[in-house]
Number of protein chains: 2
Amino acid sequence: MASYNKPDQTLFDMNAEILRAMAHPVRLMIMDELLRNPKCVTAIHEILDVSQPNISQHLTILRNSGIVASDRDGSYRCYYLRRPGLVKAVMETLSKKWPEADIENVRGNFKRALSIRLDKQGVVTPKGDS
Amino acid sequence: MASYNKPDQTLFDMNAEILRAMAHPVRLMIMDELLRNPKCVTAIHEILDVSQPNISQHLTILRNSGIVASDRDGSYRCYYLRRPGLVKAVMETLSKKWPEADIENVRGNFKRALSIRLDKQGVVTPKGDS
DNA sequence: ATAGGATATTCTAATATTCGAATACGGAAT
DNA sequence: ATTCCGTATTCGAATATTAGAATATCCTAT
């Protein structure tokens, strides 16, 4: 039961939790479908080639992490994205072609990175102390 | 050994793989640090409160999924983000405050979702066929 | 070659994820 | 009440992830 706004969690923990909930091909497919419009379980089950119980399990994971919510519609239960903007942004970000880092530029930063590391433990006291 | 451009993988599989690699608080912290500048393992180890072997393991995961790469710098090995833009975008997307879906609007789409589902299996033939 | 620091690997135990199978639940209509 | 349909839960086995401990490797300087 991981809700998505535990107040005492670090930002990294919370974000990791959301990412983990998203990090499955079937769940990505479900989110992709829900991005178009809300759907009941059977509709999702028919569109994707995944068993109904399995769909239900994945929906539970998405629900527990706050990504989807559901509402009754007669005898159906319709699922929808709670924050469609977030899901859309993540999926578009992933699909976008991102340029590789400029190796030369990166290499130029190595010394700085290294000095930062050395700064942290001081430059002196190579072995014996005092 | 999952490289990040297997040609016969679906987009969902590939994206899920990247998300899974990112979906850990320590790895998010590592990426956050590398976003500032490249760093060697020891620097990361000192900044985060995580054992060196564990840092190394997480770096291996990030490397295998194509998120980071490394280069020697003397006896150090400096890690850097291969596509900093991707990492930055994902992290900013996660941290942003996204509005909740408008429930009323969503509810209005339920019928459409349902009719789409019904369209798929036809309206006739309730039980016996032909 | 030896030593020492930086990084990687291996092993292991604990824990978590995944999925199929079977089943249970819940509402609507007969 | 029973049946049917849509959905959820439970169980179990296979597999994967995680982190610590111990150890190995690699580079550099002596």
# chains A, B, ... in the order shown; residues from 1 in each chain; ligands from 1
$ interface_residues --of "chain C" --to "chain A" --cutoff "8 Å" --atoms "only C-alpha atoms (C1' of nucleotides)" --output "ChimeraX atom specification"
/C:19,27-28
$ select_by_dssp --residues "chain B" --states "strand (DSSP E)" --output "mmCIF file with all heavy atoms, in the first residue's frame"
data_model
loop_
_atom_site.group_PDB
_atom_site.id
_atom_site.type_symbol
_atom_site.label_atom_id
_atom_site.label_comp_id
_atom_site.auth_asym_id
_atom_site.auth_seq_id
_atom_site.Cartn_x
_atom_site.Cartn_y
_atom_site.Cartn_z
ATOM 1 N N LYS B 39 31.689 12.241 -12.313
ATOM 2 C CA LYS B 39 32.331 11.946 -11.030
ATOM 3 C C LYS B 39 32.897 10.539 -11.040
ATOM 4 O O LYS B 39 32.360 9.652 -11.672
ATOM 5 C CB LYS B 39 31.334 12.079 -9.877
ATOM 6 C CG LYS B 39 31.011 13.495 -9.491
ATOM 7 C CD LYS B 39 30.063 13.521 -8.315
ATOM 8 C CE LYS B 39 29.676 14.965 -7.999
ATOM 9 N NZ LYS B 39 28.955 15.619 -9.120
ATOM 10 N N CYS B 40 33.966 10.373 -10.297
ATOM 11 C CA CYS B 40 34.513 9.030 -10.143
ATOM 12 C C CYS B 40 33.758 8.307 -9.033
ATOM 13 O O CYS B 40 32.990 8.908 -8.290
ATOM 14 C CB CYS B 40 36.001 9.076 -9.844
ATOM 15 S SG CYS B 40 36.373 9.775 -8.235
ATOM 16 N N VAL B 68 24.602 5.549 -18.388
ATOM 17 C CA VAL B 68 25.900 6.182 -18.133
ATOM 18 C C VAL B 68 26.991 5.483 -18.935
ATOM 19 O O VAL B 68 26.799 4.374 -19.449
ATOM 20 C CB VAL B 68 26.278 6.135 -16.628
ATOM 21 C CG1 VAL B 68 25.180 6.718 -15.763
ATOM 22 C CG2 VAL B 68 26.599 4.712 -16.196
ATOM 23 N N ALA B 69 28.100 6.129 -19.041
ATOM 24 C CA ALA B 69 29.305 5.509 -19.567
ATOM 25 C C ALA B 69 30.444 6.037 -18.718
ATOM 26 O O ALA B 69 30.252 6.932 -17.893
ATOM 27 C CB ALA B 69 29.502 5.859 -21.035
ATOM 28 N N SER B 70 31.605 5.470 -18.905
ATOM 29 C CA SER B 70 32.717 5.888 -18.052
ATOM 30 C C SER B 70 33.989 6.016 -18.869
ATOM 31 O O SER B 70 34.089 5.509 -19.989
ATOM 32 C CB SER B 70 32.932 4.887 -16.923
ATOM 33 O OG SER B 70 33.394 3.666 -17.458
ATOM 34 N N ASP B 71 34.919 6.691 -18.284
ATOM 35 C CA ASP B 71 36.198 6.914 -18.939
ATOM 36 C C ASP B 71 37.258 6.988 -17.847
ATOM 37 O O ASP B 71 36.988 7.448 -16.742
ATOM 38 C CB ASP B 71 36.141 8.231 -19.733
ATOM 39 C CG ASP B 71 36.809 8.074 -21.083
ATOM 40 O OD1 ASP B 71 37.595 7.119 -21.239
ATOM 41 O OD2 ASP B 71 36.536 8.897 -21.959
ATOM 42 N N ARG B 72 38.421 6.493 -18.175
ATOM 43 C CA ARG B 72 39.511 6.542 -17.197
ATOM 44 C C ARG B 72 40.002 7.965 -17.022
ATOM 45 O O ARG B 72 40.059 8.736 -17.965
ATOM 46 C CB ARG B 72 40.687 5.720 -17.694
ATOM 47 C CG ARG B 72 40.647 4.279 -17.385
ATOM 48 C CD ARG B 72 42.042 3.770 -17.014
ATOM 49 N NE ARG B 72 41.998 3.281 -15.659
ATOM 50 C CZ ARG B 72 41.273 2.239 -15.305
ATOM 51 N NH1 ARG B 72 40.531 1.610 -16.171
ATOM 52 N NH2 ARG B 72 41.266 1.850 -14.054
ATOM 53 N N ASP B 73 40.439 8.258 -15.811
ATOM 54 C CA ASP B 73 41.133 9.510 -15.554
ATOM 55 C C ASP B 73 42.217 9.174 -14.543
ATOM 56 O O ASP B 73 42.020 9.288 -13.342
ATOM 57 C CB ASP B 73 40.158 10.565 -15.010
ATOM 58 C CG ASP B 73 40.874 11.881 -14.734
ATOM 59 O OD1 ASP B 73 41.832 12.193 -15.456
ATOM 60 O OD2 ASP B 73 40.482 12.574 -13.779
ATOM 61 N N TYR B 76 41.454 6.887 -11.557
ATOM 62 C CA TYR B 76 40.027 7.008 -11.321
ATOM 63 C C TYR B 76 39.258 6.578 -12.563
ATOM 64 O O TYR B 76 39.805 6.540 -13.650
ATOM 65 C CB TYR B 76 39.659 8.458 -10.986
ATOM 66 C CG TYR B 76 40.290 8.952 -9.712
ATOM 67 C CD1 TYR B 76 41.480 9.656 -9.728
ATOM 68 C CD2 TYR B 76 39.680 8.701 -8.490
ATOM 69 C CE1 TYR B 76 42.062 10.108 -8.562
ATOM 70 C CE2 TYR B 76 40.253 9.148 -7.317
ATOM 71 C CZ TYR B 76 41.456 9.853 -7.357
ATOM 72 O OH TYR B 76 42.014 10.287 -6.197
ATOM 73 N N ARG B 77 38.014 6.257 -12.341
ATOM 74 C CA ARG B 77 37.134 6.008 -13.482
ATOM 75 C C ARG B 77 35.960 6.952 -13.361
ATOM 76 O O ARG B 77 35.194 6.870 -12.407
ATOM 77 C CB ARG B 77 36.663 4.560 -13.481
ATOM 78 C CG ARG B 77 35.655 4.252 -14.576
ATOM 79 C CD ARG B 77 35.513 2.769 -14.783
ATOM 80 N NE ARG B 77 36.719 2.210 -15.390
ATOM 81 C CZ ARG B 77 36.937 2.178 -16.704
ATOM 82 N NH1 ARG B 77 36.040 2.676 -17.527
ATOM 83 N NH2 ARG B 77 38.044 1.648 -17.168
ATOM 84 N N CYS B 78 35.867 7.841 -14.300
ATOM 85 C CA CYS B 78 34.854 8.892 -14.222
ATOM 86 C C CYS B 78 33.606 8.493 -14.994
ATOM 87 O O CYS B 78 33.672 8.124 -16.166
ATOM 88 C CB CYS B 78 35.413 10.217 -14.752
ATOM 89 S SG CYS B 78 36.091 11.224 -13.430
ATOM 90 N N TYR B 79 32.527 8.569 -14.317
ATOM 91 C CA TYR B 79 31.237 8.234 -14.926
ATOM 92 C C TYR B 79 30.525 9.500 -15.355
ATOM 93 O O TYR B 79 30.618 10.532 -14.693
ATOM 94 C CB TYR B 79 30.375 7.453 -13.932
ATOM 95 C CG TYR B 79 30.739 5.990 -13.885
ATOM 96 C CD1 TYR B 79 31.745 5.534 -13.034
ATOM 97 C CD2 TYR B 79 30.090 5.078 -14.695
ATOM 98 C CE1 TYR B 79 32.085 4.183 -12.997
ATOM 99 C CE2 TYR B 79 30.419 3.742 -14.664
ATOM 100 C CZ TYR B 79 31.416 3.304 -13.819
ATOM 101 O OH TYR B 79 31.737 1.985 -13.800
ATOM 102 N N TYR B 80 29.807 9.386 -16.468
ATOM 103 C CA TYR B 80 29.028 10.526 -16.945
ATOM 104 C C TYR B 80 27.747 10.020 -17.593
ATOM 105 O O TYR B 80 27.649 8.849 -17.982
ATOM 106 C CB TYR B 80 29.837 11.366 -17.931
ATOM 107 C CG TYR B 80 30.302 10.611 -19.145
ATOM 108 C CD1 TYR B 80 29.511 10.571 -20.308
ATOM 109 C CD2 TYR B 80 31.497 9.912 -19.139
ATOM 110 C CE1 TYR B 80 29.929 9.867 -21.421
ATOM 111 C CE2 TYR B 80 31.928 9.207 -20.251
ATOM 112 C CZ TYR B 80 31.132 9.187 -21.390
ATOM 113 O OH TYR B 80 31.545 8.480 -22.491
ATOM 114 N N LEU B 81 26.781 10.895 -17.697
ATOM 115 C CA LEU B 81 25.507 10.542 -18.321
ATOM 116 C C LEU B 81 25.662 10.570 -19.834
ATOM 117 O O LEU B 81 26.211 11.510 -20.383
ATOM 118 C CB LEU B 81 24.419 11.531 -17.891
ATOM 119 C CG LEU B 81 24.122 11.549 -16.391
ATOM 120 C CD1 LEU B 81 23.245 12.735 -16.046
ATOM 121 C CD2 LEU B 81 23.462 10.242 -15.966
#
$ calpha_fit_and_write --fixed "chain A" --moving "chain B" --output "PDB file with C-alpha atoms, in the first residue's frame"
ATOM      1  CA  MET B   1       0.199   0.009   0.033  1.00  0.00           C
ATOM      2  CA  ALA B   2       2.377   2.862  -1.108  1.00  0.00           C
ATOM      3  CA  SER B   3       0.481   6.053  -1.458  1.00  0.00           C
ATOM      4  CA  TYR B   4       2.198   8.705  -3.466  1.00  0.00           C
ATOM      5  CA  ASN B   5       2.539  11.433  -0.924  1.00  0.00           C
ATOM      6  CA  LYS B   6       4.167  10.047   2.145  1.00  0.00           C
ATOM      7  CA  PRO B   7       5.433  13.264   3.698  1.00  0.00           C
ATOM      8  CA  ASP B   8       8.582  11.871   5.274  1.00  0.00           C
ATOM      9  CA  GLN B   9       9.834  10.146   2.166  1.00  0.00           C
ATOM     10  CA  THR B  10      12.649  11.696   0.262  1.00  0.00           C
ATOM     11  CA  LEU B  11      12.006  12.972  -3.204  1.00  0.00           C
ATOM     12  CA  PHE B  12      14.245  10.249  -4.555  1.00  0.00           C
ATOM     13  CA  ASP B  13      12.285   7.528  -2.817  1.00  0.00           C
ATOM     14  CA  MET B  14       9.008   8.891  -4.089  1.00  0.00           C
ATOM     15  CA  ASN B  15      10.249   9.280  -7.626  1.00  0.00           C
ATOM     16  CA  ALA B  16      11.804   5.836  -7.616  1.00  0.00           C
ATOM     17  CA  GLU B  17       8.488   4.439  -6.521  1.00  0.00           C
ATOM     18  CA  ILE B  18       6.631   6.069  -9.395  1.00  0.00           C
ATOM     19  CA  LEU B  19       9.256   4.934 -11.869  1.00  0.00           C
ATOM     20  CA  ARG B  20       9.124   1.380 -10.591  1.00  0.00           C
ATOM     21  CA  ALA B  21       5.376   1.328 -10.981  1.00  0.00           C
ATOM     22  CA  MET B  22       5.759   2.499 -14.565  1.00  0.00           C
ATOM     23  CA  ALA B  23       8.689   0.256 -15.395  1.00  0.00           C
ATOM     24  CA  HIS B  24       6.939  -2.689 -16.996  1.00  0.00           C
ATOM     25  CA  PRO B  25       6.001  -3.135 -20.646  1.00  0.00           C
ATOM     26  CA  VAL B  26       2.442  -4.191 -19.875  1.00  0.00           C
ATOM     27  CA  ARG B  27       1.945  -1.275 -17.543  1.00  0.00           C
ATOM     28  CA  LEU B  28       3.356   1.089 -20.148  1.00  0.00           C
ATOM     29  CA  MET B  29       0.897  -0.339 -22.654  1.00  0.00           C
ATOM     30  CA  ILE B  30      -1.962   0.118 -20.203  1.00  0.00           C
ATOM     31  CA  MET B  31      -0.952   3.714 -19.568  1.00  0.00           C
ATOM     32  CA  ASP B  32      -0.650   4.290 -23.294  1.00  0.00           C
ATOM     33  CA  GLU B  33      -4.201   3.088 -23.775  1.00  0.00           C
ATOM     34  CA  LEU B  34      -5.541   5.132 -20.875  1.00  0.00           C
ATOM     35  CA  LEU B  35      -3.841   8.160 -22.357  1.00  0.00           C
ATOM     36  CA  ARG B  36      -6.288   7.928 -25.269  1.00  0.00           C
ATOM     37  CA  ASN B  37      -9.308   7.551 -23.007  1.00  0.00           C
ATOM     38  CA  PRO B  38     -10.496   5.778 -19.863  1.00  0.00           C
ATOM     39  CA  LYS B  39     -11.159   2.086 -20.282  1.00  0.00           C
ATOM     40  CA  CYS B  40     -12.628  -0.765 -18.341  1.00  0.00           C
ATOM     41  CA  VAL B  41     -10.597  -3.852 -17.537  1.00  0.00           C
ATOM     42  CA  THR B  42     -12.143  -5.990 -20.225  1.00  0.00           C
ATOM     43  CA  ALA B  43     -11.428  -3.412 -22.894  1.00  0.00           C
ATOM     44  CA  ILE B  44      -7.795  -3.321 -21.857  1.00  0.00           C
ATOM     45  CA  HIS B  45      -7.757  -7.084 -21.686  1.00  0.00           C
ATOM     46  CA  GLU B  46      -9.037  -7.329 -25.248  1.00  0.00           C
ATOM     47  CA  ILE B  47      -6.692  -4.732 -26.670  1.00  0.00           C
ATOM     48  CA  LEU B  48      -3.559  -6.094 -25.050  1.00  0.00           C
ATOM     49  CA  ASP B  49      -2.834  -9.790 -25.253  1.00  0.00           C
ATOM     50  CA  VAL B  50      -2.670 -10.299 -21.527  1.00  0.00           C
ATOM     51  CA  SER B  51      -4.863 -12.348 -19.206  1.00  0.00           C
ATOM     52  CA  GLN B  52      -7.539 -10.560 -17.229  1.00  0.00           C
ATOM     53  CA  PRO B  53      -6.136 -11.421 -13.802  1.00  0.00           C
ATOM     54  CA  ASN B  54      -2.770 -10.181 -14.905  1.00  0.00           C
ATOM     55  CA  ILE B  55      -4.242  -6.912 -16.162  1.00  0.00           C
ATOM     56  CA  SER B  56      -5.952  -6.576 -12.828  1.00  0.00           C
ATOM     57  CA  GLN B  57      -2.710  -7.136 -10.979  1.00  0.00           C
ATOM     58  CA  HIS B  58      -0.923  -4.512 -13.013  1.00  0.00           C
ATOM     59  CA  LEU B  59      -3.789  -2.100 -12.496  1.00  0.00           C
ATOM     60  CA  THR B  60      -3.477  -2.667  -8.751  1.00  0.00           C
ATOM     61  CA  ILE B  61       0.182  -1.710  -8.914  1.00  0.00           C
ATOM     62  CA  LEU B  62      -0.633   1.412 -10.889  1.00  0.00           C
ATOM     63  CA  ARG B  63      -3.423   2.260  -8.480  1.00  0.00           C
ATOM     64  CA  ASN B  64      -1.290   1.767  -5.374  1.00  0.00           C
ATOM     65  CA  SER B  65       1.325   4.123  -6.712  1.00  0.00           C
ATOM     66  CA  GLY B  66      -1.254   6.784  -7.477  1.00  0.00           C
ATOM     67  CA  ILE B  67      -0.912   6.619 -11.229  1.00  0.00           C
ATOM     68  CA  VAL B  68      -4.448   5.497 -12.013  1.00  0.00           C
ATOM     69  CA  ALA B  69      -7.779   5.545 -10.278  1.00  0.00           C
ATOM     70  CA  SER B  70     -11.033   3.911 -11.182  1.00  0.00           C
ATOM     71  CA  ASP B  71     -14.718   4.523 -11.104  1.00  0.00           C
ATOM     72  CA  ARG B  72     -17.706   2.285 -11.571  1.00  0.00           C
ATOM     73  CA  ASP B  73     -19.711   2.438 -14.747  1.00  0.00           C
ATOM     74  CA  GLY B  74     -22.505  -0.042 -14.298  1.00  0.00           C
ATOM     75  CA  SER B  75     -20.911  -3.408 -13.961  1.00  0.00           C
ATOM     76  CA  TYR B  76     -17.725  -2.132 -15.507  1.00  0.00           C
ATOM     77  CA  ARG B  77     -14.917  -0.463 -13.670  1.00  0.00           C
ATOM     78  CA  CYS B  78     -13.333   2.273 -15.686  1.00  0.00           C
ATOM     79  CA  TYR B  79      -9.744   3.149 -15.084  1.00  0.00           C
ATOM     80  CA  TYR B  80      -8.238   6.520 -15.842  1.00  0.00           C
ATOM     81  CA  LEU B  81      -4.941   8.302 -15.343  1.00  0.00           C
ATOM     82  CA  ARG B  82      -4.864  10.550 -12.321  1.00  0.00           C
ATOM     83  CA  ARG B  83      -2.211  12.825 -13.792  1.00  0.00           C
ATOM     84  CA  PRO B  84      -2.309  12.286 -17.534  1.00  0.00           C
ATOM     85  CA  GLY B  85       0.176  15.094 -18.048  1.00  0.00           C
ATOM     86  CA  LEU B  86       2.787  13.263 -16.031  1.00  0.00           C
ATOM     87  CA  VAL B  87       2.313  10.009 -17.901  1.00  0.00           C
ATOM     88  CA  LYS B  88       2.283  11.727 -21.267  1.00  0.00           C
ATOM     89  CA  ALA B  89       5.419  13.674 -20.460  1.00  0.00           C
ATOM     90  CA  VAL B  90       7.293  10.596 -19.278  1.00  0.00           C
ATOM     91  CA  MET B  91       6.369   8.582 -22.334  1.00  0.00           C
ATOM     92  CA  GLU B  92       7.200  11.379 -24.743  1.00  0.00           C
ATOM     93  CA  THR B  93      10.458  11.998 -22.960  1.00  0.00           C
ATOM     94  CA  LEU B  94      11.395   8.346 -23.300  1.00  0.00           C
ATOM     95  CA  SER B  95      10.500   8.147 -26.962  1.00  0.00           C
ATOM     96  CA  LYS B  96      12.296  11.323 -27.933  1.00  0.00           C
ATOM     97  CA  LYS B  97      15.665  11.134 -29.618  1.00  0.00           C
ATOM     98  CA  TRP B  98      18.124  12.604 -27.173  1.00  0.00           C
ATOM     99  CA  PRO B  99      21.592  13.653 -28.279  1.00  0.00           C
ATOM    100  CA  GLU B 100      24.579  11.892 -26.813  1.00  0.00           C
ATOM    101  CA  ALA B 101      26.762  13.888 -24.453  1.00  0.00           C
ATOM    102  CA  ASP B 102      29.629  15.691 -26.107  1.00  0.00           C
ATOM    103  CA  ILE B 103      32.508  13.497 -25.031  1.00  0.00           C
ATOM    104  CA  GLU B 104      35.134  16.204 -25.449  1.00  0.00           C
ATOM    105  CA  ASN B 105      33.181  18.582 -23.287  1.00  0.00           C
ATOM    106  CA  VAL B 106      32.596  15.876 -20.699  1.00  0.00           C
ATOM    107  CA  ARG B 107      36.257  15.028 -20.655  1.00  0.00           C
ATOM    108  CA  GLY B 108      37.052  18.645 -20.004  1.00  0.00           C
ATOM    109  CA  ASN B 109      35.002  18.424 -16.846  1.00  0.00           C
ATOM    110  CA  PHE B 110      36.845  15.455 -15.426  1.00  0.00           C
ATOM    111  CA  LYS B 111      39.505  17.531 -13.747  1.00  0.00           C
ATOM    112  CA  ARG B 112      36.901  19.687 -12.105  1.00  0.00           C
ATOM    113  CA  ALA B 113      35.102  16.586 -10.920  1.00  0.00           C
ATOM    114  CA  LEU B 114      38.329  15.222  -9.547  1.00  0.00           C
ATOM    115  CA  SER B 115      39.303  18.400  -7.743  1.00  0.00           C
ATOM    116  CA  ILE B 116      35.896  18.514  -6.156  1.00  0.00           C
ATOM    117  CA  ARG B 117      36.504  15.026  -4.885  1.00  0.00           C
ATOM    118  CA  LEU B 118      39.948  15.919  -3.553  1.00  0.00           C
ATOM    119  CA  ASP B 119      38.642  19.045  -1.873  1.00  0.00           C
ATOM    120  CA  LYS B 120      36.373  16.958   0.229  1.00  0.00           C
ATOM    121  CA  GLN B 121      39.058  15.056   2.099  1.00  0.00           C
ATOM    122  CA  GLY B 122      41.680  17.776   2.184  1.00  0.00           C
ATOM    123  CA  VAL B 123      45.035  17.721   0.506  1.00  0.00           C
ATOM    124  CA  VAL B 124      47.199  16.903   3.491  1.00  0.00           C
ATOM    125  CA  THR B 125      47.657  14.033   5.929  1.00  0.00           C
ATOM    126  CA  PRO B 126      48.669  11.337   3.475  1.00  0.00           C
ATOM    127  CA  LYS B 127      49.043   8.580   6.036  1.00  0.00           C
ATOM    128  CA  GLY B 128      50.007   9.283   9.643  1.00  0.00           C
ATOM    129  CA  ASP B 129      47.883  11.733  11.600  1.00  0.00           C
ATOM    130  CA  SER B 130      49.272  14.435  13.938  1.00  0.00           C
TER     131      SER B 130
END
$ residues_around --residues "segment 23-26 of chain C" --least-positions-apart "6" --cutoff "8 Å" --atoms "only C-alpha atoms (C1' of nucleotides)" --output "tab-separated table (two decimals) with N, CA, C and O atoms (P, O5', C5', C4', C3', O3' and C1' of nucleotides), in the first residue's frame"
chain	number	residue	atom	x	y	z
D	8	DA	P	-10.82	-4.45	-10.82
D	8	DA	O5'	-10.67	-5.55	-9.68
D	8	DA	C5'	-11.64	-5.62	-8.65
D	8	DA	C4'	-11.28	-6.71	-7.66
D	8	DA	C3'	-9.83	-6.67	-7.18
D	8	DA	O3'	-9.84	-6.67	-5.76
D	8	DA	C1'	-10.38	-8.84	-7.98
D	9	DT	P	-8.50	-6.56	-4.97
D	9	DT	O5'	-8.24	-8.07	-4.55
D	9	DT	C5'	-9.29	-8.79	-3.94
D	9	DT	C4'	-8.87	-10.23	-3.70
D	9	DT	C3'	-7.46	-10.39	-3.10
D	9	DT	O3'	-7.59	-11.16	-1.92
D	9	DT	C1'	-7.76	-11.83	-4.95
D	10	DT	P	-6.35	-11.27	-0.92
D	10	DT	O5'	-5.97	-12.81	-1.09
D	10	DT	C5'	-7.02	-13.74	-1.29
D	10	DT	C4'	-6.44	-15.07	-1.75
D	10	DT	C3'	-5.05	-15.38	-1.17
D	10	DT	O3'	-5.08	-16.70	-0.65
D	10	DT	C1'	-5.04	-15.64	-3.51
$ select_by_dssp --residues "chain B" --states "alpha helix (DSSP H)" --output "PyMOL selection string"
chain B and resi 11-22+25-36+41-47+52-64+84-95+103-121
$ closest_atom_pairs --of "chain D" --to "chain A" --cutoff "9 Å" --atoms "only C-alpha atoms (C1' of nucleotides)" --output "tab-separated table"
residue	atom	partner	partner_atom	distance
D:DC5	C1'	A:Ser75	CA	8.4
D:DG6	C1'	A:Tyr76	CA	6.2
D:DT7	C1'	A:Val41	CA	7.4
D:DA8	C1'	A:Ser56	CA	7.0
$ write_last_selection --atoms "N, CA, C and O atoms (P, O5', C5', C4', C3', O3' and C1' of nucleotides)" --output "short mmCIF file (atom, residue, chain, number, x, y, z; two decimals), in the first residue's frame"
data_model
loop_
_atom_site.label_atom_id
_atom_site.label_comp_id
_atom_site.auth_asym_id
_atom_site.auth_seq_id
_atom_site.Cartn_x
_atom_site.Cartn_y
_atom_site.Cartn_z
P DC D 5 -22.32 -14.64 -20.01
"O5'" DC D 5 -21.64 -13.23 -19.74
"C5'" DC D 5 -22.43 -12.06 -19.61
"C4'" DC D 5 -21.71 -11.07 -18.71
"C3'" DC D 5 -20.22 -10.88 -19.05
"O3'" DC D 5 -19.99 -9.51 -19.26
"C1'" DC D 5 -20.54 -11.21 -16.72
P DG D 6 -18.65 -9.02 -19.90
"O5'" DG D 6 -17.98 -8.31 -18.65
"C5'" DG D 6 -18.61 -7.18 -18.07
"C4'" DG D 6 -17.93 -6.84 -16.76
"C3'" DG D 6 -16.42 -6.62 -16.89
"O3'" DG D 6 -16.11 -5.37 -16.31
"C1'" DG D 6 -16.90 -8.17 -15.14
P DT D 7 -14.64 -4.81 -16.34
"O5'" DT D 7 -14.07 -5.37 -14.96
"C5'" DT D 7 -14.65 -4.89 -13.75
"C4'" DT D 7 -14.07 -5.62 -12.56
"C3'" DT D 7 -12.56 -5.52 -12.41
"O3'" DT D 7 -12.30 -4.69 -11.29
"C1'" DT D 7 -13.38 -7.70 -11.90
P DA D 8 -10.82 -4.45 -10.82
"O5'" DA D 8 -10.67 -5.55 -9.68
"C5'" DA D 8 -11.64 -5.62 -8.65
"C4'" DA D 8 -11.28 -6.71 -7.66
"C3'" DA D 8 -9.83 -6.67 -7.18
"O3'" DA D 8 -9.84 -6.67 -5.76
"C1'" DA D 8 -10.38 -8.84 -7.98
#
$ atom_distance --atom1 "atom C1' of DA22 of chain C" --atom2 "atom C1' of DT17 of chain D"
28.2 Å
$ residues_around --residues "DT2 of chain D" --least-positions-apart "2" --cutoff "12 Å" --atoms "only C-alpha atoms (C1' of nucleotides)" --output "NGL selection string"
(:C and (29-30)) or (:D and (4))
$ write_last_selection --atoms "all heavy atoms" --output "CSV table (one decimal), in the first residue's frame"
chain,number,residue,atom,x,y,z
C,29,DA,P,-29.8,-4.7,-15.7
C,29,DA,OP1,-29.7,-3.9,-16.9
C,29,DA,OP2,-30.6,-4.2,-14.5
C,29,DA,O5',-30.4,-6.1,-16.1
C,29,DA,C5',-29.6,-7.0,-16.9
C,29,DA,C4',-30.2,-8.4,-16.9
C,29,DA,O4',-29.8,-9.0,-15.6
C,29,DA,C3',-31.7,-8.4,-17.0
C,29,DA,O3',-32.1,-9.4,-17.9
C,29,DA,C2',-32.2,-8.8,-15.6
C,29,DA,C1',-31.0,-9.6,-15.1
C,29,DA,N9,-30.8,-9.7,-13.6
C,29,DA,C8,-30.9,-8.7,-12.8
C,29,DA,N7,-30.7,-9.0,-11.5
C,29,DA,C5,-30.5,-10.4,-11.6
C,29,DA,C6,-30.3,-11.4,-10.6
C,29,DA,N6,-30.2,-11.1,-9.3
C,29,DA,N1,-30.1,-12.6,-11.0
C,29,DA,C2,-30.2,-12.9,-12.3
C,29,DA,N3,-30.4,-12.1,-13.3
C,29,DA,C4,-30.6,-10.8,-12.9
C,30,DT,P,-33.6,-9.4,-18.5
C,30,DT,OP1,-33.5,-9.3,-20.0
C,30,DT,OP2,-34.4,-8.4,-17.7
C,30,DT,O5',-34.0,-10.9,-18.1
C,30,DT,C5',-33.1,-11.9,-18.4
C,30,DT,C4',-33.3,-13.1,-17.4
C,30,DT,O4',-33.0,-12.7,-16.1
C,30,DT,C3',-34.7,-13.6,-17.4
C,30,DT,O3',-34.7,-14.9,-18.0
C,30,DT,C2',-35.1,-13.6,-15.9
C,30,DT,C1',-33.8,-13.5,-15.2
C,30,DT,N1,-33.9,-12.8,-13.9
C,30,DT,C2,-33.6,-13.5,-12.8
C,30,DT,O2,-33.4,-14.7,-12.8
C,30,DT,N3,-33.7,-12.7,-11.6
C,30,DT,C4,-34.0,-11.4,-11.5
C,30,DT,O4,-34.0,-10.8,-10.4
C,30,DT,C5,-34.2,-10.7,-12.7
C,30,DT,C7,-34.5,-9.2,-12.7
C,30,DT,C6,-34.2,-11.4,-13.9
D,4,DC,P,-25.4,-19.4,-16.8
D,4,DC,OP1,-25.8,-20.1,-18.0
D,4,DC,OP2,-24.4,-20.1,-15.9
D,4,DC,O5',-24.9,-18.0,-17.1
D,4,DC,C5',-25.9,-17.0,-17.6
D,4,DC,C4',-25.2,-15.6,-17.6
D,4,DC,O4',-25.2,-15.1,-16.3
D,4,DC,C3',-23.8,-15.7,-18.1
D,4,DC,O3',-23.6,-14.6,-19.0
D,4,DC,C2',-23.0,-15.5,-16.8
D,4,DC,C1',-23.9,-14.6,-16.0
D,4,DC,N1,-23.7,-14.6,-14.6
D,4,DC,C2,-23.9,-13.4,-13.8
D,4,DC,O2,-24.3,-12.4,-14.4
D,4,DC,N3,-23.7,-13.4,-12.5
D,4,DC,C4,-23.3,-14.6,-11.9
D,4,DC,N4,-23.1,-14.5,-10.6
D,4,DC,C5,-23.1,-15.8,-12.6
D,4,DC,C6,-23.3,-15.7,-14.0
$ closest_residue --among "C:DA8, C:DA21, C:DA16, C:DA1" --to "DA24 of chain D" --atoms "only C-alpha atoms (C1' of nucleotides)"
C:DA8
